[in-house]
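Pasted below: structure-v9.cif, mmCIF, C-alpha atoms and all ligand atoms.
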data_input
loop_
_atom_site.group_PDB
_atom_site.id
_atom_site.type_symbol
_atom_site.label_atom_id
_atom_site.label_comp_id
_atom_site.auth_asym_id
_atom_site.auth_seq_id
_atom_site.Cartn_x
_atom_site.Cartn_y
_atom_site.Cartn_z
ATOM 1 C CA MET J 1 -38.970 21.511 -139.693
ATOM 2 C CA LEU J 2 -40.826 20.499 -136.553
ATOM 3 C CA ASP J 3 -39.535 21.683 -133.196
ATOM 4 C CA ARG J 4 -39.640 19.628 -129.991
ATOM 5 C CA PHE J 5 -43.220 20.747 -129.355
ATOM 6 C CA ASN J 6 -44.531 19.780 -132.766
ATOM 7 C CA ARG J 7 -44.682 23.332 -134.088
ATOM 8 C CA GLU J 8 -43.766 23.659 -137.742
ATOM 9 C CA ILE J 9 -41.070 26.320 -138.069
ATOM 10 C CA TYR J 10 -41.175 27.667 -141.618
ATOM 11 C CA TYR J 11 -40.729 31.406 -141.105
ATOM 12 C CA LEU J 12 -37.424 33.254 -140.755
ATOM 13 C CA ARG J 13 -37.313 36.933 -139.798
ATOM 14 C CA ILE J 14 -34.077 38.582 -140.808
ATOM 15 C CA SER J 15 -32.922 41.840 -139.289
ATOM 16 C CA VAL J 16 -30.660 43.529 -141.822
ATOM 17 C CA THR J 17 -29.569 46.474 -139.695
ATOM 18 C CA ASP J 18 -29.719 47.796 -136.154
ATOM 19 C CA ARG J 19 -29.972 51.370 -137.448
ATOM 20 C CA CYS J 20 -33.166 53.339 -137.610
ATOM 21 C CA ASN J 21 -34.354 56.733 -138.784
ATOM 22 C CA LEU J 22 -36.991 56.883 -136.001
ATOM 23 C CA ARG J 23 -36.736 56.541 -132.222
ATOM 24 C CA CYS J 24 -40.078 55.034 -131.185
ATOM 25 C CA TYR J 25 -40.108 55.399 -127.434
ATOM 26 C CA TYR J 26 -41.255 51.811 -126.808
ATOM 27 C CA CYS J 27 -38.516 50.343 -128.976
ATOM 28 C CA MET J 28 -35.351 52.407 -128.887
ATOM 29 C CA PRO J 29 -33.614 54.750 -126.478
ATOM 30 C CA GLU J 30 -33.560 58.348 -127.663
ATOM 31 C CA HIS J 31 -29.787 58.753 -127.406
ATOM 32 C CA GLY J 32 -26.717 56.729 -126.776
ATOM 33 C CA VAL J 33 -27.412 53.741 -128.991
ATOM 34 C CA LYS J 34 -24.240 51.803 -129.596
ATOM 35 C CA ARG J 35 -24.511 50.823 -133.235
ATOM 36 C CA LEU J 36 -22.838 47.921 -134.933
ATOM 37 C CA ARG J 37 -20.035 48.682 -137.372
ATOM 38 C CA HIS J 38 -20.583 47.734 -140.988
ATOM 39 C CA ASP J 39 -18.107 44.868 -140.705
ATOM 40 C CA GLN J 40 -20.068 43.429 -137.774
ATOM 41 C CA ILE J 41 -23.263 42.918 -139.726
ATOM 42 C CA LEU J 42 -23.990 40.133 -142.168
ATOM 43 C CA SER J 43 -23.336 41.002 -145.797
ATOM 44 C CA TYR J 44 -26.104 40.513 -148.344
ATOM 45 C CA GLU J 45 -24.143 37.603 -149.823
ATOM 46 C CA GLN J 46 -24.002 35.937 -146.420
ATOM 47 C CA ILE J 47 -27.739 36.416 -145.870
ATOM 48 C CA ILE J 48 -28.525 34.940 -149.289
ATOM 49 C CA LYS J 49 -26.303 31.974 -148.499
ATOM 50 C CA ILE J 50 -28.139 31.432 -145.205
ATOM 51 C CA VAL J 51 -31.559 31.547 -146.883
ATOM 52 C CA LYS J 52 -30.416 29.051 -149.533
ATOM 53 C CA GLU J 53 -29.580 26.622 -146.724
ATOM 54 C CA ALA J 54 -32.664 27.483 -144.681
ATOM 55 C CA VAL J 55 -35.052 26.330 -147.428
ATOM 56 C CA LYS J 56 -33.496 22.882 -147.157
ATOM 57 C CA ILE J 57 -34.935 22.449 -143.671
ATOM 58 C CA GLY J 58 -38.342 23.851 -144.578
ATOM 59 C CA ILE J 59 -38.122 27.642 -144.315
ATOM 60 C CA LYS J 60 -40.636 29.036 -146.817
ATOM 61 C CA LYS J 61 -41.322 32.538 -145.618
ATOM 62 C CA ILE J 62 -38.846 35.380 -145.102
ATOM 63 C CA ARG J 63 -39.465 38.770 -143.532
ATOM 64 C CA ILE J 64 -36.876 41.518 -143.850
ATOM 65 C CA THR J 65 -36.860 43.769 -140.822
ATOM 66 C CA GLY J 66 -34.496 45.882 -138.727
ATOM 67 C CA GLY J 67 -33.909 48.446 -137.190
ATOM 68 C CA GLU J 68 -35.310 50.081 -140.244
ATOM 69 C CA PRO J 69 -34.566 47.875 -143.258
ATOM 70 C CA LEU J 70 -34.899 50.700 -145.770
ATOM 71 C CA VAL J 71 -31.974 52.639 -144.302
ATOM 72 C CA ARG J 72 -29.577 49.896 -145.349
ATOM 73 C CA LYS J 73 -28.098 50.729 -148.738
ATOM 74 C CA GLY J 74 -28.927 48.506 -151.693
ATOM 75 C CA ILE J 75 -31.725 46.589 -149.968
ATOM 76 C CA SER J 76 -33.327 45.775 -153.347
ATOM 77 C CA TYR J 77 -30.239 43.741 -154.187
ATOM 78 C CA LEU J 78 -31.034 41.494 -151.224
ATOM 79 C CA ILE J 79 -34.696 41.241 -152.214
ATOM 80 C CA ARG J 80 -33.748 40.176 -155.725
ATOM 81 C CA GLY J 81 -31.284 37.628 -154.367
ATOM 82 C CA ILE J 82 -33.768 36.033 -151.982
ATOM 83 C CA LYS J 83 -36.593 36.125 -154.515
ATOM 84 C CA LYS J 84 -34.594 33.877 -156.839
ATOM 85 C CA ILE J 85 -34.243 31.142 -154.233
ATOM 86 C CA GLU J 86 -36.475 28.207 -155.018
ATOM 87 C CA GLY J 87 -38.595 27.202 -152.036
ATOM 88 C CA ILE J 88 -39.221 30.716 -150.710
ATOM 89 C CA ASN J 89 -42.871 31.336 -151.421
ATOM 90 C CA GLU J 90 -43.361 34.485 -149.377
ATOM 91 C CA LEU J 91 -40.924 37.376 -149.166
ATOM 92 C CA THR J 92 -42.060 40.275 -147.113
ATOM 93 C CA MET J 93 -40.834 43.310 -145.150
ATOM 94 C CA THR J 94 -41.731 45.321 -142.071
ATOM 95 C CA THR J 95 -40.861 49.008 -142.338
ATOM 96 C CA ASN J 96 -41.765 52.257 -140.671
ATOM 97 C CA GLY J 97 -42.646 53.544 -144.126
ATOM 98 C CA VAL J 98 -40.680 56.795 -143.927
ATOM 99 C CA LEU J 99 -38.617 55.990 -147.024
ATOM 100 C CA LEU J 100 -41.273 54.132 -148.985
ATOM 101 C CA GLU J 101 -42.331 57.036 -151.132
ATOM 102 C CA ASP J 102 -39.138 56.730 -153.141
ATOM 103 C CA MET J 103 -38.578 53.009 -152.741
ATOM 104 C CA ALA J 104 -41.928 51.231 -153.072
ATOM 105 C CA PHE J 105 -41.788 50.759 -156.818
ATOM 106 C CA GLU J 106 -38.185 49.561 -156.743
ATOM 107 C CA LEU J 107 -39.055 47.013 -154.023
ATOM 108 C CA LYS J 108 -42.013 45.716 -155.996
ATOM 109 C CA TYR J 109 -39.877 45.417 -159.078
ATOM 110 C CA ALA J 110 -37.191 43.569 -157.097
ATOM 111 C CA GLY J 111 -39.778 40.924 -156.139
ATOM 112 C CA LEU J 112 -40.961 41.817 -152.646
ATOM 113 C CA ASP J 113 -44.381 40.181 -152.185
ATOM 114 C CA SER J 114 -45.882 42.338 -149.474
ATOM 115 C CA ILE J 115 -45.183 45.025 -146.901
ATOM 116 C CA ASN J 116 -46.208 45.729 -143.313
ATOM 117 C CA ILE J 117 -46.040 49.408 -142.460
ATOM 118 C CA SER J 118 -45.838 50.457 -138.837
ATOM 119 C CA LEU J 119 -48.152 53.312 -137.946
ATOM 120 C CA ASP J 120 -49.602 53.679 -134.465
ATOM 121 C CA THR J 121 -51.672 56.820 -134.934
ATOM 122 C CA LEU J 122 -53.182 59.077 -137.580
ATOM 123 C CA ASP J 123 -52.465 62.194 -135.561
ATOM 124 C CA PRO J 124 -49.285 64.066 -136.644
ATOM 125 C CA GLU J 125 -48.540 65.385 -133.138
ATOM 126 C CA LYS J 126 -49.017 62.016 -131.488
ATOM 127 C CA TYR J 127 -46.897 60.406 -134.188
ATOM 128 C CA LYS J 128 -44.120 62.844 -133.443
ATOM 129 C CA LYS J 129 -44.352 62.050 -129.730
ATOM 130 C CA ILE J 130 -44.321 58.278 -130.220
ATOM 131 C CA THR J 131 -41.513 58.229 -132.784
ATOM 132 C CA ARG J 132 -39.726 61.247 -131.249
ATOM 133 C CA VAL J 133 -38.558 62.473 -134.669
ATOM 134 C CA GLY J 134 -41.037 61.266 -137.295
ATOM 135 C CA ASP J 135 -42.990 63.238 -139.874
ATOM 136 C CA ILE J 136 -46.263 61.396 -140.484
ATOM 137 C CA ARG J 137 -46.721 62.970 -143.910
ATOM 138 C CA LYS J 138 -43.842 60.877 -145.220
ATOM 139 C CA VAL J 139 -45.560 57.699 -144.036
ATOM 140 C CA PHE J 140 -48.836 58.704 -145.692
ATOM 141 C CA ARG J 141 -46.984 59.346 -148.948
ATOM 142 C CA GLY J 142 -45.206 56.018 -148.509
ATOM 143 C CA ILE J 143 -48.518 54.207 -148.091
ATOM 144 C CA ASP J 144 -49.849 55.789 -151.265
ATOM 145 C CA ALA J 145 -46.699 54.796 -153.147
ATOM 146 C CA VAL J 146 -47.123 51.188 -151.983
ATOM 147 C CA ILE J 147 -50.708 51.162 -153.234
ATOM 148 C CA LYS J 148 -49.693 52.716 -156.547
ATOM 149 C CA SER J 149 -46.889 50.186 -157.008
ATOM 150 C CA GLY J 150 -49.450 47.380 -156.958
ATOM 151 C CA PHE J 151 -48.618 45.663 -153.645
ATOM 152 C CA LYS J 152 -51.386 43.420 -152.354
ATOM 153 C CA GLY J 153 -52.089 42.443 -148.755
ATOM 154 C CA THR J 154 -50.389 45.498 -147.273
ATOM 155 C CA LYS J 155 -50.796 45.608 -143.498
ATOM 156 C CA LEU J 156 -50.652 48.488 -141.066
ATOM 157 C CA ASN J 157 -48.965 47.485 -137.816
ATOM 158 C CA MET J 158 -50.474 49.385 -134.924
ATOM 159 C CA VAL J 159 -48.971 48.940 -131.463
ATOM 160 C CA LEU J 160 -51.761 49.498 -128.947
ATOM 161 C CA ILE J 161 -50.513 51.683 -126.135
ATOM 162 C CA PRO J 162 -52.834 52.190 -123.162
ATOM 163 C CA GLY J 163 -53.828 55.811 -122.791
ATOM 164 C CA LYS J 164 -51.953 56.903 -125.912
ATOM 165 C CA ASN J 165 -53.631 55.540 -129.022
ATOM 166 C CA ASP J 166 -56.130 52.934 -127.807
ATOM 167 C CA ASP J 167 -58.943 55.349 -128.704
ATOM 168 C CA GLU J 168 -57.890 55.325 -132.359
ATOM 169 C CA VAL J 169 -58.599 51.736 -133.335
ATOM 170 C CA GLU J 170 -61.908 52.515 -135.041
ATOM 171 C CA ASP J 171 -60.373 55.437 -136.968
ATOM 172 C CA MET J 172 -57.490 53.248 -137.999
ATOM 173 C CA LYS J 173 -59.906 50.543 -139.191
ATOM 174 C CA GLU J 174 -61.707 53.112 -141.291
ATOM 175 C CA PHE J 175 -58.442 54.439 -142.697
ATOM 176 C CA CYS J 176 -57.436 50.906 -143.652
ATOM 177 C CA ILE J 177 -60.763 50.196 -145.349
ATOM 178 C CA LYS J 178 -60.474 53.439 -147.306
ATOM 179 C CA LYS J 179 -56.959 52.590 -148.470
ATOM 180 C CA GLY J 180 -57.513 48.843 -148.976
ATOM 181 C CA LEU J 181 -55.101 47.863 -146.184
ATOM 182 C CA LEU J 182 -55.333 45.286 -143.406
ATOM 183 C CA LEU J 183 -55.002 46.399 -139.812
ATOM 184 C CA GLN J 184 -52.697 44.310 -137.631
ATOM 185 C CA ARG J 185 -53.038 45.295 -133.992
ATOM 186 C CA ILE J 186 -50.057 44.504 -131.799
ATOM 187 C CA ASN J 187 -50.316 44.412 -128.042
ATOM 188 C CA HIS J 188 -47.496 46.360 -126.466
ATOM 189 C CA TYR J 189 -44.900 44.313 -124.611
ATOM 190 C CA SER J 190 -41.600 44.740 -122.932
ATOM 191 C CA LEU J 191 -39.004 42.117 -123.787
ATOM 192 C CA ASP J 192 -37.950 41.666 -120.188
ATOM 193 C CA SER J 193 -41.023 39.565 -119.467
ATOM 194 C CA LEU J 194 -43.472 37.476 -121.484
ATOM 195 C CA SER J 195 -46.117 38.386 -118.953
ATOM 196 C CA SER J 196 -45.687 42.068 -119.841
ATOM 197 C CA ILE J 197 -47.702 41.528 -123.033
ATOM 198 C CA ASN J 198 -50.630 43.827 -122.633
ATOM 199 C CA LYS J 199 -53.804 41.768 -122.799
ATOM 200 C CA LEU J 200 -56.278 44.608 -122.453
ATOM 201 C CA TYR J 201 -57.114 44.709 -126.121
ATOM 202 C CA GLU J 202 -58.058 42.340 -128.860
ATOM 203 C CA ALA J 203 -55.037 42.062 -131.145
ATOM 204 C CA GLU J 204 -53.535 39.908 -133.869
ATOM 205 C CA ARG J 205 -49.999 39.954 -132.400
ATOM 206 C CA PRO J 206 -48.016 38.706 -130.593
ATOM 207 C CA LEU J 207 -49.075 35.147 -131.374
ATOM 208 C CA PRO J 208 -49.419 32.761 -128.436
ATOM 209 C CA CYS J 209 -46.292 30.630 -127.980
ATOM 210 C CA SER J 210 -48.209 27.479 -128.952
ATOM 211 C CA LEU J 211 -48.755 28.924 -132.450
ATOM 212 C CA CYS J 212 -45.228 30.223 -132.955
ATOM 213 C CA ASN J 213 -43.832 29.305 -136.367
ATOM 214 C CA ARG J 214 -40.665 31.396 -136.546
ATOM 215 C CA ILE J 215 -37.044 31.910 -135.724
ATOM 216 C CA ARG J 216 -35.083 35.138 -136.055
ATOM 217 C CA LEU J 217 -31.692 36.166 -137.334
ATOM 218 C CA THR J 218 -30.074 39.284 -135.891
ATOM 219 C CA ALA J 219 -28.126 41.712 -138.061
ATOM 220 C CA ASN J 220 -24.862 40.497 -136.555
ATOM 221 C CA GLY J 221 -25.527 36.859 -137.323
ATOM 222 C CA ASN J 222 -27.173 35.232 -134.323
ATOM 223 C CA PHE J 223 -30.201 33.000 -134.565
ATOM 224 C CA LYS J 224 -32.796 33.708 -131.919
ATOM 225 C CA PRO J 225 -35.104 30.755 -131.333
ATOM 226 C CA CYS J 226 -37.538 32.891 -129.324
ATOM 227 C CA LEU J 227 -38.195 36.634 -129.017
ATOM 228 C CA PHE J 228 -38.674 36.353 -125.246
ATOM 229 C CA SER J 229 -35.464 34.493 -124.551
ATOM 230 C CA ASP J 230 -31.781 35.371 -124.272
ATOM 231 C CA LEU J 231 -30.873 32.214 -126.087
ATOM 232 C CA GLU J 232 -28.834 32.892 -129.232
ATOM 233 C CA ILE J 233 -27.047 30.594 -131.645
ATOM 234 C CA PRO J 234 -24.233 32.292 -133.543
ATOM 235 C CA ILE J 235 -24.225 31.354 -137.199
ATOM 236 C CA ASP J 236 -21.477 28.944 -138.150
ATOM 237 C CA PHE J 237 -20.746 29.427 -141.828
ATOM 238 C CA ASN J 238 -19.113 26.005 -141.952
ATOM 239 C CA ASP J 239 -22.373 24.441 -140.877
ATOM 240 C CA ILE J 240 -25.252 26.777 -141.682
ATOM 241 C CA ILE J 241 -27.895 24.048 -141.643
ATOM 242 C CA GLY J 242 -26.573 22.789 -138.307
ATOM 243 C CA SER J 243 -26.885 26.312 -136.845
ATOM 244 C CA ILE J 244 -30.474 26.664 -138.036
ATOM 245 C CA GLU J 245 -31.383 23.212 -136.742
ATOM 246 C CA LYS J 246 -29.868 24.098 -133.383
ATOM 247 C CA ALA J 247 -32.067 27.207 -133.246
ATOM 248 C CA VAL J 248 -35.211 25.219 -134.043
ATOM 249 C CA ILE J 249 -34.388 22.398 -131.650
ATOM 250 C CA ASN J 250 -33.661 24.877 -128.869
ATOM 251 C CA LYS J 251 -36.935 26.745 -129.249
ATOM 252 C CA PRO J 252 -38.494 26.785 -125.796
ATOM 253 C CA ALA J 253 -42.153 25.825 -125.344
ATOM 254 C CA ASN J 254 -42.797 29.310 -123.990
ATOM 255 C CA GLY J 255 -40.887 32.548 -123.867
ATOM 256 C CA THR J 256 -39.717 33.947 -120.546
ATOM 257 C CA HIS J 257 -37.596 37.084 -120.923
ATOM 258 C CA CYS J 258 -34.987 38.700 -123.118
ATOM 259 C CA TYR J 259 -32.626 40.994 -121.210
ATOM 260 C CA LYS J 260 -29.810 41.014 -123.736
ATOM 261 C CA ARG J 261 -31.404 42.845 -126.605
ATOM 262 C CA GLN J 262 -34.096 45.326 -127.411
ATOM 263 C CA ASN J 263 -36.625 45.300 -130.208
ATOM 264 C CA TRP J 264 -34.641 47.451 -132.617
ATOM 265 C CA GLN J 265 -31.819 44.891 -132.392
ATOM 266 C CA ILE J 266 -34.103 41.967 -133.189
ATOM 267 C CA GLY J 267 -36.710 43.280 -135.574
ATOM 268 C CA GLY J 268 -39.888 42.660 -133.581
HETATM 269 N N1 LIG V 301 -38.417 49.650 -138.197
HETATM 270 C C1 LIG V 301 -39.377 48.763 -138.714
HETATM 271 C C2 LIG V 301 -40.775 49.134 -138.250
HETATM 272 O O1 LIG V 301 -40.895 49.887 -137.295
HETATM 273 O O2 LIG V 301 -41.714 48.642 -138.862
HETATM 274 C C3 LIG V 301 -39.100 47.301 -138.444
HETATM 275 C C4 LIG V 301 -38.586 46.929 -137.071
HETATM 276 S S1 LIG V 301 -39.751 47.145 -135.745
HETATM 277 C C5 LIG V 301 -38.804 46.610 -134.350
HETATM 278 C C6 LIG V 301 -40.899 45.824 -136.055
HETATM 279 C C7 LIG V 301 -42.253 45.949 -135.378
HETATM 280 O O3 LIG V 301 -42.085 45.796 -133.986
HETATM 281 C C8 LIG V 301 -42.948 47.280 -135.607
HETATM 282 O O4 LIG V 301 -44.254 47.074 -136.096
HETATM 283 C C9 LIG V 301 -42.993 47.885 -134.222
HETATM 284 O O5 LIG V 301 -44.107 48.701 -134.039
HETATM 285 C C10 LIG V 301 -43.024 46.648 -133.346
HETATM 286 N N2 LIG V 301 -42.572 46.902 -131.982
HETATM 287 C C11 LIG V 301 -41.435 47.496 -131.572
HETATM 288 N N3 LIG V 301 -41.374 47.583 -130.223
HETATM 289 C C12 LIG V 301 -42.521 47.008 -129.758
HETATM 290 C C13 LIG V 301 -43.064 46.786 -128.437
HETATM 291 N N4 LIG V 301 -42.393 47.144 -127.346
HETATM 292 N N5 LIG V 301 -44.267 46.173 -128.335
HETATM 293 C C14 LIG V 301 -44.941 45.787 -129.452
HETATM 294 N N6 LIG V 301 -44.482 45.961 -130.715
HETATM 295 C C15 LIG V 301 -43.288 46.574 -130.866
HETATM 296 FE FE1 LIG V 302 -37.239 52.126 -135.492
HETATM 297 FE FE2 LIG V 302 -39.136 50.354 -136.000
HETATM 298 FE FE3 LIG V 302 -38.095 50.527 -133.547
HETATM 299 FE FE4 LIG V 302 -39.626 52.486 -134.425
HETATM 300 S S1 LIG V 302 -40.275 50.363 -134.068
HETATM 301 S S2 LIG V 302 -37.624 52.735 -133.418
HETATM 302 S S3 LIG V 302 -39.177 52.527 -136.555
HETATM 303 S S4 LIG V 302 -37.008 49.899 -135.348
#
For the structure just supplied, provide its representation as structure tokens.
Amino acid sequence: MLDRFNREIYYLRISVTDRCNLRCYYCMPEHGVKRLRHDQILSYEQIIKIVKEAVKIGIKKIRITGGEPLVRKGISYLIRGIKKIEGINELTMTTNGVLLEDMAFELKYAGLDSINISLDTLDPEKYKKITRVGDIRKVFRGIDAVIKSGFKGTKLNMVLIPGKNDDEVEDMKEFCIKKGLLLQRINHYSLDSLSSINKLYEAERPLPCSLCNRIRLTANGNFKPCLFSDLEIPIDFNDIIGSIEKAVINKPANGTHCYKRQNWQIGG
């Protein structure tokens, strides 16, 4: 479906949980996160229903994100359900990779097409500092499991943080070549201002607003037309298509700011 600025919106990012097993300092506060109750988040059946309607207005690509999508129980059930929907030609996930060692094969078998794994550094100490609690060895084992399971087009998401990991881009490129992965550099931003996007480095993300092709669905059932906006359209299960259309039509030409939510609540 075209938005008011002639952008084709065919990509829906679905956050399936606001929970996470890491606490990346640029994404989540260390303590005191008020989490949603289970009955406040969309069920898998509801998400599948939404995707079935979304294809009718031209959504073709789905990304499962979070929080950390792999901490939600039974995630392969959702993958299988979405995979069966005619019209979805790309089903993908963004994960921190911590749980991939045990889950990669199951996800492949369920029909997931590709995976983006977030990894900002190759240094175990730095990784611990950035994620506050993470053990990088688990991510390395997760990456190997993804390769072994036969996934193609696996990307490493690297957030470029001035003074922290910006000296590691070449090493990361080499690591990716060695493992057969694609490096996706993300310029660090803060949601409270579009102009906070760090422009010091060459990076693949975020995309400029003029090339935006996506809308987002939060774990508790709100469509977000734009990452850098507080605008939200609560899903109306009596008129799912109408809710999605409203989100597309209300997409602003450019983002401004999002004060209401943080990244872990939206899914990046
Ligand atoms: N937990 C999963 C993960 O980390 O891959 C999925 C959710 S996470 C919010 C999605 C992506 O957003 C990750 O690649 C993460 O690095 C990125 N991200 C989070 N906060 C960011 C920020 N302030 N600036 C740039 N990218 C950010
Ligand atoms: Fe969790 Fe992903 Fe945010 Fe890190 S970037 S805290 S892994 S949701």
Show me which residues sit within 6 Å of ligand LIG 301 (chain V) when counting only C-alpha atoms and all ligand atoms, and put them as number ranges by chain. J: 26-27, 65-68, 94-96, 117-118, 157, 159, 186-190, 263-264, 267-268
Please dump the current selection as a PDB file, keeping the file's coordinate frame; keep C-alpha atoms.
ATOM      1  CA  TYR J  26     -41.255  51.811-126.808  1.00  0.00           C
ATOM      2  CA  CYS J  27     -38.516  50.343-128.976  1.00  0.00           C
ATOM      3  CA  THR J  65     -36.860  43.769-140.822  1.00  0.00           C
ATOM      4  CA  GLY J  66     -34.496  45.882-138.727  1.00  0.00           C
ATOM      5  CA  GLY J  67     -33.909  48.446-137.190  1.00  0.00           C
ATOM      6  CA  GLU J  68     -35.310  50.081-140.244  1.00  0.00           C
ATOM      7  CA  THR J  94     -41.731  45.321-142.071  1.00  0.00           C
ATOM      8  CA  THR J  95     -40.861  49.008-142.338  1.00  0.00           C
ATOM      9  CA  ASN J  96     -41.765  52.257-140.671  1.00  0.00           C
ATOM     10  CA  ILE J 117     -46.040  49.408-142.460  1.00  0.00           C
ATOM     11  CA  SER J 118     -45.838  50.457-138.837  1.00  0.00           C
ATOM     12  CA  ASN J 157     -48.965  47.485-137.816  1.00  0.00           C
ATOM     13  CA  VAL J 159     -48.971  48.940-131.463  1.00  0.00           C
ATOM     14  CA  ILE J 186     -50.057  44.504-131.799  1.00  0.00           C
ATOM     15  CA  ASN J 187     -50.316  44.412-128.042  1.00  0.00           C
ATOM     16  CA  HIS J 188     -47.496  46.360-126.466  1.00  0.00           C
ATOM     17  CA  TYR J 189     -44.900  44.313-124.611  1.00  0.00           C
ATOM     18  CA  SER J 190     -41.600  44.740-122.932  1.00  0.00           C
ATOM     19  CA  ASN J 263     -36.625  45.300-130.208  1.00  0.00           C
ATOM     20  CA  TRP J 264     -34.641  47.451-132.617  1.00  0.00           C
ATOM     21  CA  GLY J 267     -36.710  43.280-135.574  1.00  0.00           C
ATOM     22  CA  GLY J 268     -39.888  42.660-133.581  1.00  0.00           C
TER      23      GLY J 268
END
With the file shown as input, list the residues that the PyMOL selection byres (((chain J and resi 13) around 10) and not hetatm) selects, as a ChimeraX atom specification. /J:11-12,14-16,61-66,92-94,214-218,223-224,266-268
Answer key for the PyMOL selection byres (((chain J and resi 147) around 12) and not hetatm), residues as a PyMOL selection string: chain J and resi 100-101+104-105+108+114-115+117+140-146+148-155+176+178-181
Run the PyMOL selection byres (((chain J and resi 230-235) around 12) and not hetatm) on the file and write out the hits as a PyMOL selection string. chain J and resi 41-42+46-47+49-50+53-54+191-193+215-229+236-252+255-262+266
Output the selection as a compact mmCIF listing (two decimals), keeping the file's coordinate frame - C-alpha atoms for each residue.
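For reference, out32.txt as written:
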# COMPACT_ATOMS: atom_id res chain seq x y z
CA ILE J 41 -23.26 42.92 -139.73
CA LEU J 42 -23.99 40.13 -142.17
CA GLN J 46 -24.00 35.94 -146.42
CA ILE J 47 -27.74 36.42 -145.87
CA LYS J 49 -26.30 31.97 -148.50
CA ILE J 50 -28.14 31.43 -145.21
CA GLU J 53 -29.58 26.62 -146.72
CA ALA J 54 -32.66 27.48 -144.68
CA LEU J 191 -39.00 42.12 -123.79
CA ASP J 192 -37.95 41.67 -120.19
CA SER J 193 -41.02 39.56 -119.47
CA ILE J 215 -37.04 31.91 -135.72
CA ARG J 216 -35.08 35.14 -136.06
CA LEU J 217 -31.69 36.17 -137.33
CA THR J 218 -30.07 39.28 -135.89
CA ALA J 219 -28.13 41.71 -138.06
CA ASN J 220 -24.86 40.50 -136.56
CA GLY J 221 -25.53 36.86 -137.32
CA ASN J 222 -27.17 35.23 -134.32
CA PHE J 223 -30.20 33.00 -134.56
CA LYS J 224 -32.80 33.71 -131.92
CA PRO J 225 -35.10 30.76 -131.33
CA CYS J 226 -37.54 32.89 -129.32
CA LEU J 227 -38.20 36.63 -129.02
CA PHE J 228 -38.67 36.35 -125.25
CA SER J 229 -35.46 34.49 -124.55
CA ASP J 236 -21.48 28.94 -138.15
CA PHE J 237 -20.75 29.43 -141.83
CA ASN J 238 -19.11 26.00 -141.95
CA ASP J 239 -22.37 24.44 -140.88
CA ILE J 240 -25.25 26.78 -141.68
CA ILE J 241 -27.90 24.05 -141.64
CA GLY J 242 -26.57 22.79 -138.31
CA SER J 243 -26.88 26.31 -136.84
CA ILE J 244 -30.47 26.66 -138.04
CA GLU J 245 -31.38 23.21 -136.74
CA LYS J 246 -29.87 24.10 -133.38
CA ALA J 247 -32.07 27.21 -133.25
CA VAL J 248 -35.21 25.22 -134.04
CA ILE J 249 -34.39 22.40 -131.65
CA ASN J 250 -33.66 24.88 -128.87
CA LYS J 251 -36.94 26.74 -129.25
CA PRO J 252 -38.49 26.78 -125.80
CA GLY J 255 -40.89 32.55 -123.87
CA THR J 256 -39.72 33.95 -120.55
CA HIS J 257 -37.60 37.08 -120.92
CA CYS J 258 -34.99 38.70 -123.12
CA TYR J 259 -32.63 40.99 -121.21
CA LYS J 260 -29.81 41.01 -123.74
CA ARG J 261 -31.40 42.84 -126.60
CA GLN J 262 -34.10 45.33 -127.41
CA ILE J 266 -34.10 41.97 -133.19
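Each of J:Asn6, J:Asn89, J:Asn213, J:Gln265 was compared to ligand LIG 302 (chain V) using all atoms listed in the file, and J:Gln265 turns out to be the nearest.
Proximity ranking of J:Gly87, J:Gly32, J:Pro69, J:Pro124 relative to ligand LIG 302 (chain V) places J:Pro69 first, based on all atoms listed in the file.
Closest approach to Leu107 in chain J among J:Ser196, J:Ser76, J:Thr17, J:Ser43: J:Ser76, based on only C-alpha atoms.
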Can you work out the spacing between CA of Leu36 in chain J and CA of Val133 in chain J in Å, to one decimal? 21.4 Å
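When all atoms listed in the file are used to compute distances to ligand LIG 302 (chain V), the closest of the residues J:Leu70, J:Leu119, J:Ile48, J:Leu22 turns out to be J:Leu22.
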Please define a box with edges along x, y and z of the file around all atoms of ligand LIG 302 (chain V) given in the file, extend it by 4 Å on each side, and return its centre and edge lengths in Å to one decimal, as AutoDock Vina command-line options.
--center_x -38.6 --center_y 51.3 --center_z -135.0 --size_x 11.3 --size_y 10.8 --size_z 11.1
For CA of Arg7 in chain J and CA of Ile82 in chain J, quote the distance in Å rounded to one decimal. 24.5 Å
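Comparing the minimum interatomic distances between ligand LIG 302 (chain V) and each of J:Val139, J:Ile9, J:Leu183, J:Ala253, counting all atoms listed in the file, we find that J:Val139 sits nearest.
Closest to Met1 in chain J among J:Arg19, J:Lys60, J:Ala203, J:Cys24 is J:Lys60, based on all atoms listed in the file.
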Distance of CA of Ala110 in chain J from CA of Tyr77 in chain J, expressed in Å to one decimal place: 7.5 Å
